[in-house]
Amino acid sequence: MKLLEMGHVKKSFDNLSVIQDISLSVKEGEVVSIIGPSGSGKSTLLRCATMLETMDSGELAYLGKKAAWNDAQGHVVYAPKKELKKIRENYGLVFQNFNLFPHFSVLKNIMDAPVSVQKRERGEVYQAAKELLKRMGLEDKADAYPCQLSGGQCQRVAIARALALNPKILFFDEPTSALDPELTGEVLKVIRSLADLHIAMVIVTHEMAFARDISHRVVFMANGGIVEEGTPEEVFASGNERTQSFLGRYRNSGM
């Protein structure tokens with residue numbers, strides 16, 4: 001079953017076309033990595049998928065329920081707020097810069113949305129949050145505040161916070177780009193460990209070896225469009241000149 005369907009999505013900023021007629025779907029349990037040069041539209045595509053940006057035109061659906069579609073004039077129309085709230089429960093998003101609440105403890109950061117937004121029972125959420133912290137290797141940090149954590153620890157808390165919502169699909173927007181190189185490995189290790197949860201993941205990343213190892217499918221974007229997509233083996237061995245030009249720099253650095 002397709003969890004996410006995006007059809008003919010377009011997005012511009014100040015007459016600059018950032019997303020040009022992109023269609024993308026993600027199935028249950030599938031891990032999709034989106035790679036490409038800076039400015040190719042990768043993060044904007046994720047922001048459109050999670051409705052942090054409004055599409056100019058196109059269709060967006062989760063589990064067959066339409067979140068957005070084109071009207072008769074070709075302009076995008078979004079579903080009513082009540083329906084969108086329900087649709088948003090299907091996904092979680094991990095940002096580049098953590099976006100933790102600085103005045104909340106680690107435990108409260110994780111528990112806040114499940115309790116206040118999803119209206120789940122506090123005791124059940126507390127137990128789930130403690131289990132997630134253990135999974136992240138942060139069981140001793142429940143009462144700490146973000147300012148007391150390393151960048152890698154903050155990102156692991158952000159992942160736990162997203163998982164606490166029980167999403168069917170997780171979006172990662174360059175989850176290691178704000179981290180020092182020595183902290184990148186610990187976050188990538190955590191993301192790899194999520195595979196056994198069978199949660200679908202869409203990962204925008206510049207970590208090519210990671211994308212090759214973890215993905216069922218790799219999407220290469222450039223200039224606001226999808227140049228090609230396929231299995232990691234297909235994309236990384238591609239004969240496409242644009243793809244090879246991009247991947248060449250990583251091979252030269254020992255990818």
# chains A, B, ... in the order shown; residues from 1 in each chain; ligands from 1
>>> residues_around(residues="segment 7-18 of chain A", least_positions_apart="6", cutoff="9 Å", atoms="only C-alpha atoms", output="list in words")
Leu24, Ser25, Gly39, Ser40, Gly41, Thr44, Leu45, Cys48, Glu53, Thr54, Met55, Asp56, Ser57, Gly58, Glu59, Leu60, Ala61, Trp69, Asn223, Gly224 and Gly225 of chain A
>>> write_last_selection(atoms="N, CA and C atoms", output="PDB file, in the first residue's frame")
ATOM      1  N   LEU A  24       6.105  11.505  -6.735  1.00  0.00           N
ATOM      2  CA  LEU A  24       6.845  10.594  -5.867  1.00  0.00           C
ATOM      3  C   LEU A  24       5.860   9.833  -5.002  1.00  0.00           C
ATOM      4  N   SER A  25       6.111   8.538  -4.810  1.00  0.00           N
ATOM      5  CA  SER A  25       5.283   7.742  -3.903  1.00  0.00           C
ATOM      6  C   SER A  25       6.197   6.914  -2.999  1.00  0.00           C
ATOM      7  N   GLY A  39      20.474  23.169  -3.218  1.00  0.00           N
ATOM      8  CA  GLY A  39      19.653  24.011  -4.082  1.00  0.00           C
ATOM      9  C   GLY A  39      18.846  23.248  -5.109  1.00  0.00           C
ATOM     10  N   SER A  40      18.853  21.917  -5.032  1.00  0.00           N
ATOM     11  CA  SER A  40      18.130  21.126  -6.035  1.00  0.00           C
ATOM     12  C   SER A  40      16.653  20.958  -5.702  1.00  0.00           C
ATOM     13  N   GLY A  41      16.231  21.415  -4.511  1.00  0.00           N
ATOM     14  CA  GLY A  41      14.820  21.341  -4.156  1.00  0.00           C
ATOM     15  C   GLY A  41      14.458  20.216  -3.208  1.00  0.00           C
ATOM     16  N   THR A  44      12.752  21.443   0.058  1.00  0.00           N
ATOM     17  CA  THR A  44      11.452  22.027  -0.291  1.00  0.00           C
ATOM     18  C   THR A  44      10.433  20.935  -0.596  1.00  0.00           C
ATOM     19  N   LEU A  45      10.870  19.874  -1.247  1.00  0.00           N
ATOM     20  CA  LEU A  45       9.970  18.761  -1.533  1.00  0.00           C
ATOM     21  C   LEU A  45       9.454  18.147  -0.231  1.00  0.00           C
ATOM     22  N   CYS A  48       6.928  20.427   1.325  1.00  0.00           N
ATOM     23  CA  CYS A  48       5.636  20.311   0.647  1.00  0.00           C
ATOM     24  C   CYS A  48       4.914  19.036   1.084  1.00  0.00           C
ATOM     25  N   GLU A  53       5.188  23.873   3.620  1.00  0.00           N
ATOM     26  CA  GLU A  53       5.104  24.783   2.488  1.00  0.00           C
ATOM     27  C   GLU A  53       3.840  24.452   1.703  1.00  0.00           C
ATOM     28  N   THR A  54       3.219  25.454   1.159  1.00  0.00           N
ATOM     29  CA  THR A  54       2.036  25.258   0.322  1.00  0.00           C
ATOM     30  C   THR A  54       2.467  25.063  -1.126  1.00  0.00           C
ATOM     31  N   MET A  55       2.042  23.995  -1.744  1.00  0.00           N
ATOM     32  CA  MET A  55       2.366  23.744  -3.145  1.00  0.00           C
ATOM     33  C   MET A  55       1.660  24.774  -4.030  1.00  0.00           C
ATOM     34  N   ASP A  56       2.269  25.083  -5.165  1.00  0.00           N
ATOM     35  CA  ASP A  56       1.588  25.933  -6.147  1.00  0.00           C
ATOM     36  C   ASP A  56       0.547  25.129  -6.912  1.00  0.00           C
ATOM     37  N   SER A  57       0.893  23.885  -7.223  1.00  0.00           N
ATOM     38  CA  SER A  57      -0.046  22.966  -7.863  1.00  0.00           C
ATOM     39  C   SER A  57       0.438  21.552  -7.623  1.00  0.00           C
ATOM     40  N   GLY A  58      -0.477  20.600  -7.821  1.00  0.00           N
ATOM     41  CA  GLY A  58      -0.127  19.199  -7.616  1.00  0.00           C
ATOM     42  C   GLY A  58      -1.090  18.516  -6.672  1.00  0.00           C
ATOM     43  N   GLU A  59      -0.822  17.246  -6.418  1.00  0.00           N
ATOM     44  CA  GLU A  59      -1.663  16.453  -5.527  1.00  0.00           C
ATOM     45  C   GLU A  59      -0.814  15.839  -4.424  1.00  0.00           C
ATOM     46  N   LEU A  60      -1.433  15.722  -3.238  1.00  0.00           N
ATOM     47  CA  LEU A  60      -0.761  15.136  -2.086  1.00  0.00           C
ATOM     48  C   LEU A  60      -1.763  14.269  -1.349  1.00  0.00           C
ATOM     49  N   ALA A  61      -1.376  13.006  -1.078  1.00  0.00           N
ATOM     50  CA  ALA A  61      -2.280  12.090  -0.372  1.00  0.00           C
ATOM     51  C   ALA A  61      -1.491  11.168   0.540  1.00  0.00           C
ATOM     52  N   TRP A  69      -5.114  19.015  -3.798  1.00  0.00           N
ATOM     53  CA  TRP A  69      -5.380  18.686  -5.197  1.00  0.00           C
ATOM     54  C   TRP A  69      -5.601  19.976  -5.965  1.00  0.00           C
ATOM     55  N   ASN A 223      18.247  20.632 -10.056  1.00  0.00           N
ATOM     56  CA  ASN A 223      17.510  21.717 -10.712  1.00  0.00           C
ATOM     57  C   ASN A 223      15.992  21.591 -10.558  1.00  0.00           C
ATOM     58  N   GLY A 224      15.560  21.153  -9.383  1.00  0.00           N
ATOM     59  CA  GLY A 224      14.130  21.119  -9.096  1.00  0.00           C
ATOM     60  C   GLY A 224      13.368  19.944  -9.656  1.00  0.00           C
ATOM     61  N   GLY A 225      14.074  18.969 -10.215  1.00  0.00           N
ATOM     62  CA  GLY A 225      13.400  17.808 -10.777  1.00  0.00           C
ATOM     63  C   GLY A 225      14.094  16.516 -10.394  1.00  0.00           C
TER      64      GLY A 225
END
>>> select_by_dssp(residues="segment 76-158 of chain A", states="alpha helix (DSSP H)", output="number ranges by chain")
A: 81-88, 106-116, 122-135, 151-158
>>> residues_around(residues="Ile191 of chain A", least_positions_apart="2", cutoff="12 Å", atoms="only C-alpha atoms", output="NGL selection string")
:A and (31 or 94 or 135-136 or 155-156 or 158-160 or 163 or 170-172 or 174-176 or 184-189 or 193-203 or 210-211 or 213-215)
>>> residues_around(residues="Tyr62 of chain A", least_positions_apart="2", cutoff="8 Å", atoms="only C-alpha atoms", output="list in words")
Lys2, Leu3, Leu4, Glu5, Leu60, Gly64, Lys65, Lys66, Ala67, Ile87 and Asn90 of chain A
>>> atom_distance(atom1="atom CA of Ser177 of chain A", atom2="atom CA of Ser43 of chain A")
12.2 Å
>>> atom_distance(atom1="atom CA of Glu124 of chain A", atom2="atom CA of Arg161 of chain A")
14.7 Å
